[in-house]
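Peer 1: What follows is a structure written as structure tokens; I'll ask about it next.
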Amino acid sequence: MRVHQPGGHLSRARGAEVDDWSWRRTKRRLGTLYRLARPYRARTALALISLLGATAVALAPPYLVGLTVDHVQGGDTSQLPLLVGAFLVVGVLGVGLGYAQTYYTGWTGERMLADLRRIVFGHLQRLSLGFYERNRAGVIISRLTNDVEALDQLVTDGVTSLVQNTLILAGSVGVLFFLDWRLALATLTVIPLMALATAWFRKRSGRAYRGVRETLGALTATLAEDIAGMRVLQSFTRERPAQDNFREVADTYRVSNMQTVSLNGVYFPVVDFLSTMATVVVLGYGGWLASNGDVSIGTLVAFLGYLTNFFDPVQQLSQLYNTFLSAVAALDKITDLLDEEPEVSDRPGAVDLPSIRGDVAFEEVRFAYGRGPEVLHGIDLDVAAGTTVALVGHTGAGKSTIAKLLARFYDPTAGRITIDGVDLREVSQESLRRQLGIVPQEGFLFAGSVADNIAFGRPAATHDEIVAAARVVGADDFIARLEHGYDTELGERGSRLSLGQRQLVAFSRALLADPRILILDEATSSVDIGTERKIEQALRRLLHGRTAFIIAHRLSTIRDADLIVVLEHGLVVEQGTHEDLLAAGGRYRSLYGDWVEAA
Amino acid sequence: MADAPAPRYRTTFFRLLTFLRPYKLSMIVSVVLAIASQAAALGAILLTRSVVSALNHDNLDELPRLVGLVLALGAGRALALAGRRLIAGKQALQVEMDVRQAVYAKLVRLSFGFYDRHQTGQLMSRATVDLQAVRFFLGYGLIFFFQHVFTVLGVGIVVFIISWKLALIVVAIAPLLIAVAYRYSHVSHPLLRDVQQKMADVATVAEENIVGVHVVKSFAQEQAELRKFENRSEQVFAQSVQANRQRALYIPLLSFLPLLSQAAILLVGGHMVARGTLSLGDFVAFNLFLAMLVTPLRALGMWIGQAQRATASGERIFQVIDEHEDIRDVSGARELPAGPGAVTFERVTFGYDADRPVLRNVDLELRPGRSVALIGHTGAGKTSLAALIPRFYDAQQGRVLVDGADVRELSLTSLRREIGVIAQDAFLFSATVRENIAFGRIDATDEEVERAAQLAQAHEFIEALPDGYETVIGERGITLSGGQRQRIAIARAIVIDPRILILDDATASVDATTEARIRDGLREAMRDRTTIIIAHRLSTIALADEVVVVEEGRVVARGTHTELAATNGVYREIREHGLLERVLGEEEVA
């Protein structure tokens with residue numbers, strides 16, 4: 001029984017917590033980003049330059065308006081065409097630089113993300129099966145989707161927004177001091193208040209938004225589950241309680257969302273009021289200065305113009321904080337994944353396994369999963385080419401572990417496994433697996449056509465070869481009856497086919513790959529008698545002339561095997577043919593009694 | 001739902017508004033507050049104008065009063081903003097909840113046929129993505145609409161009073177800005193949606209690769225998979241760049257248009273000031289008014305696009321809400337009468353698609369307290385036959401009677417409460433084991449739950465779970481094996497103590513050893529109940545008192561095991577397959 005950590009689907013939404021701010025970790029984060037950006041240095045530079053330009057240009061209009069006011073106040077229109085001309089130039093420059101900036105930052109950001117997706121996916125392809133057995137599929141998938149998307153927000157919008165808003169803020173302050181330092185100082189007295197309000201808001205809203213994400217996660221999960229289980233729900237007349245429960249979950253979400261509404265309802269009006277206070281300072285103190293002739297009216301007008309620009313960046317920066325945190329958290333998770341080393345890798349100078357005959361030997365093979373307890377305690381097996389081996393024993397006896405070691409999904413902790421006398425660790429994984437055929441339980445299929453699925457192991461196969469393979473295992477009839485025959489799309493995980501049909505397609509797939517050694521995990525489910533017959537027949541054809549290891553559940557398969565290996569607690573307790581083992585009257589015989597009872 | 005007629009925007013739009021009916025008052029208050037806050041901003045500009053005029057004429061006496069008024073207006077505006085945010089925000093969340101409840105209430109009433117036709121993901125997107133679009137529109141969109149319209153009108157009127165010539169320049173940008181903003185929203189949305197769609201494709205490829213990793217590795221197809229993934233990922237890139245290009249074009253343009261207008265004001269207004277036909281205060285005020293107009297004009301353009309999308313989303317939500325409920329209580333439906341659990345099919349014809357009958361003219365009588373195995377090839381109609389008893393579907397012709405009452409005349413709740421269904425795939429909910437077992441009878445006592453678990457041979461393994469009966473299972477908890485799930489499903493059916501029990505392929509997906517264990521549980525569950533067993537395994541079929549053979553939608557044979565062994569081919573085939581192994585086994589073991 002696998003134990004899953006509860007709330008897996010929620011941790012995806014959470015994850016905005018970053019606790020490690022050490023320099024080492026920060027350096028690694030920056031290193032990852034730098035490596036992603038390096039190939040696009042030129043464009044990154046262009047993005048940065050145009051961003052600086054666009055920001056500088058955006059700062060000009062209030063100043064120009066102020067100048068105009070001062071000029072026309074004195075009745076002087078001589079400079080007017082020049083000022084208006086400058087205004088227009090600024091506008092046109094703004095469009096050009098704005099275009100360049102948005103385009104280049106967008107392009108570079110998206111390019112980096114596409115590269116990152118490829119790197120992560122490529123890395124995942126190299127990782128061993130052990131990694132996939134230790135981690136939930138959902139979590140791995142979310143590295144490629146949710147986490148990359150969280151980075152997306154940072155890389156495309158976040159960085160731009162950060163740089164732009166900071167520059168506008170700093171630039172405005174600079175211009176204000178340039179215009180009049182006394183008035184600037186007086187106006188900026190609202191900044192500490194603003195900082196206090198923002199700090200308060202940031203702290204509270206971080207918590208509140210986390211609450212919203214969690215309750216929304218629960219709401220979505222409840223809805224998804226209830227829709228998926230609607231038939232059960234209705235069969236057991238649970239409509240009313242389910243509705244009550246849903247109302248409760250929806251209300252929890254509403255209440256937690258109301259907290260963010262309340263926070264925003266306080267913070268944003270406060271910011272608005274603070275900006276009014278700044279205006280009041282400009283009009284009051286500035287008015288007094290102007291009446292003394294210390295500043296011009298144009299300067300006051302420019303001040304008012306900058307103030308409208310001033311408080312937007314503050315608000316936007318305060319919202320950026322959460323984006324930034326989730327992006328860093330996502331980046332950490334992705335770097336952790338990229339640091340994961342495959343447990344099974346080709347040794348340097350690994351050669352290709354030559355074309356094999358099919359003799360398999362296990363010599364004193366011991367194995368433990370990771371640091372867990374040993375599950376195989378010295379397995380010795382000698383299998384001649386062409387033999388069908390049935391592995392039998394209770395759940396946990398070690399049957400699938402043996403199969404996985406033979407496919408070199410793991411390496412033994414002691415002892416060795418050879419094919420035709422060659423140690424598996426000496427050869428490249430690809431050359432080994434190309435000559436193996438592995439048929440998993442229930443025949444996992446991919447979305448795509450029937451033909452694609454059959455040709456999965458040999459994408460270059462011709463249509464005739466595909467049909468021939470299907471014909472041999474007896475899958476041809478039902479495939480031909482599908483609406484588009486071999487081109488019929490199977491839907492997610494082959495959902496359009498019945499269990500038995502999926503198995504037959506999986507058999508065709510294995511047959512087309514024409515492996516020398518076959519590893520087969522027999523399905524446990526029962527299907528109707530006609531299909532059952534077909535599967536038995538297909539199996540016989542598939543096994544013909546190959547070495548095969550079968551994790552067997554069907555009585556007929558076990559009886560027909562050339563060699564039955566009985567496993568118990570990681571040891572081979574008996575081996576031989578059906579007749580020999582029955583006659584010996586040991587473990588096999590009592591197991592067999594169980595099966596016959598169940599048939 | 002899939003082949004919906006072209007959206008009728010207008011009707012849908014007004015129908016969406018009906019969701020607001022309970023919140024008329026708070027809606028009005030929000031709009032009034034929104035308008036008040038904008039009026040305050042307008043007033044502040046007028047005061048600024050007076051300040052500039054006073055300064056220009058060196059009239060300092062007015063200054064303190066004017067500045068005080070600006071501060072007072074600012075405070076008033078802040079209060080109005082806060083009030084609007086709180087009231088409108090609360091209302092938005094309530095409306096969202098109402099729509100969500102309405103959709104959910106409909107979902108629980110829709111029949112099995114509806115769920116056969118629609119995938120979970122499809123329905124989820126109605127209840128999440130579409131709902132969100134509607135929520136934004138109903139919650140904030142309308143209020144913003146009124147606020148923006150008021151701002152544009154208010155500013156327009158005030159500037160015309162001050163100087164109609166300059167006002168023309170200000171107002172001239174209005175249509176242009178609205179049009180460009182609308183165009184942008186119109187162009188960018190399909191692009192962004194396409195990006196999302198392509199992103200979903202990437203996720204699908206990734207998911208399949210990771211869930212099927214053993215197959216990928218077995219066939220050494222890592223490189224091919226990487227190419228496939230890369231191909232999808234590059235499509236996302238290309239589409240994102242495309243969307244980004246639109247953004248790069250429109251966003252700077254939207255900032256440029258107001259600048260153009262402002263340049264005109266500077267030029268014309270500047271000359272007027274110099275000539276003395278416009279006061280300096282008015283000149284400054286015009287610049288400030290223009291700034292105040294830009295946001296609402298842009299927002300109006302975007303708003304039109306959003307309203308259209310919300311209406312399209314509303315259309316999809318209404319499709320669910322309006323979906324015909326094919327299985328529901330007739331008016332005056334009566335309770336299922338007391339009885340021993342007799343089931344009768346009278347000339348029943350049924351098809352999921354009315355033109356393609358799955359059952360043809362079936363007559364069948366099930367005696368109370370006895371068990372019957374339905375056998376036959378896949379697609380013969382066994383499951384359909386059983387599904388008519390709890391009225392998961394209605395027969396097109398003929399009647400199904402339970403204890404003498406036509407199921408269509410009974411209340412669904414009273415009927416289904418007396419029928420326990422155990423299906424092939426035991427769907428359990430993310431809840432504790434206890435809650436799952438008591439699923440059909442929330443008020444079941446601990447003793448009843450444990451008793452049912454014991455009968456279902458589940459008690460032992462449940463006790464061994466980390467928290468026993470309180471262990472959370474399913475998606476959000478511990479994963480159980482198929483056999484364990486199946487035994488909990490059996491306990492779930494036993495707890496409701498039904499008159500009739502339906503085992504639909506209940507043992508198909510477990511191995512022989514587990515099946516042997518479940519069989520004991522089933523035997524207990526079936527005692528004294530009318531039971532229908534659908535199965536392929538001889539050992540499960542053997543639990544039944546008699547066997548009914550179904551072939552191409554018809555009952556072709558019925559009898560005891562011995563009778564059918566002599567007369568029926570299908571039965572003989574199953575029996576021989578099973579017995580062959582049994583006989584062989586027994587001989588050799590003996």
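How things are named: the first chain in the structure tokens is A, the next is B, and so on; residues count from 1 in each chain; ligands count from 1 in the order shown.
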May I have the residues within 10 Å of segment 461-470 of chain A as a ChimeraX atom specification, using only C-alpha atoms and disregarding those fewer than 3 positions away in the same chain?

Peer 2: /A:450-458,473-480,486,504-514,538,542

Peer 1: Can you list, as a PyMOL selection string, every protein, DNA or RNA residue that comes within 9 Å of Lys333 of chain A when you count only C-alpha atoms, leaving out same-chain residues fewer than 5 positions away?

Peer 2: chain A and resi 143+147+328+338

Peer 1: Which residues come within 12 Å of His123 of chain A, counting only C-alpha atoms, excluding same-chain residues fewer than 2 positions away, as a PyMOL selection string?

Peer 2: (chain A and resi 116-121+125-128+131+140+143-144+334-342) or (chain B and resi 222-223+226)

Peer 1: Distance atom CA of Asn245 of chain A-atom CA of Phe19 of chain B, one decimal place?

Peer 2: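 Going from atom CA of Asn245 of chain A over to atom CA of Phe19 of chain B, I get 22.4 Å.
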
Peer 1: Using only C-alpha atoms, find the one residue out of B:Thr295, B:Ser331, B:Ser111, B:Thr48 that sits nearest to Leu177 of chain B.

Peer 2: B:Thr295

Peer 1: Would you kindly return, as a PyMOL selection string, each protein, DNA or RNA residue with an atom no farther than 9 Å from any atom of Leu520 of chain A, considering only C-alpha atoms and excluding same-chain residues fewer than 6 positions away?

Peer 2: chain A and resi 403+437-441+548-552

Peer 1: Suppose you want the space between atom CA of Gly217 of chain A and atom CA of Ile442 of chain B; what is it in Å?

Peer 2: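 Separation of atom CA of Gly217 of chain A and atom CA of Ile442 of chain B: 25.3 Å.
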
Peer 1: What does the distance from atom CA of Gly83 of chain B to atom CA of Thr189 of chain A come to in Å, to one decimal?

Peer 2: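 Distance between the two atoms: 27.0 Å.
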
Peer 1: Tell me which protein, DNA and RNA residues are within 12 Å of Gln537 of chain A, counting only C-alpha atoms, leaving out same-chain ones fewer than 2 positions away, and put them as a list in words.

Peer 2: Arg471, Val472, Val473, Gly474, Ala475, Leu504, Phe507, Gly530, Thr531, Glu532, Arg533, Lys534, Ile535, Leu539, Arg540, Arg541, Leu542, Leu543, His544, Ser556, Thr557 and Asp560 of chain A

Peer 1: Segment 319-522 of chain A: which residues are strand (DSSP E or B) by DSSP, as a PyMOL selection string?

Peer 2: chain A and resi 351+360-368+374-383+388-392+414-419+422-423+427+436-439+449+489+517-521

Peer 1: Leaving out Tyr104 of chain A and any residue of its chain fewer than 6 positions from it, which residues lie within 9 Å of it when counting only C-alpha atoms, given as a CSV table (one decimal) with C-alpha atoms, in the first residue's frame?

Peer 2:
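To be explicit, this is the file written out as part06.csv:
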```
chain,number,residue,atom,x,y,z
A,43,ARG,CA,17.9,40.6,-26.6
A,44,THR,CA,18.0,40.9,-22.8
A,46,LEU,CA,17.9,45.5,-25.8
A,47,ALA,CA,15.0,44.8,-23.5
A,48,LEU,CA,16.8,46.5,-20.6
A,50,SER,CA,14.4,50.1,-24.1
```

Peer 1: Do a neighbour search on segment 370-383 of chain A at 7 Å with only C-alpha atoms, toss out local chain neighbours closer than 3 positions, and write the hits as a PyMOL selection string.

Peer 2: chain A and resi 359-367+387+398+570-572
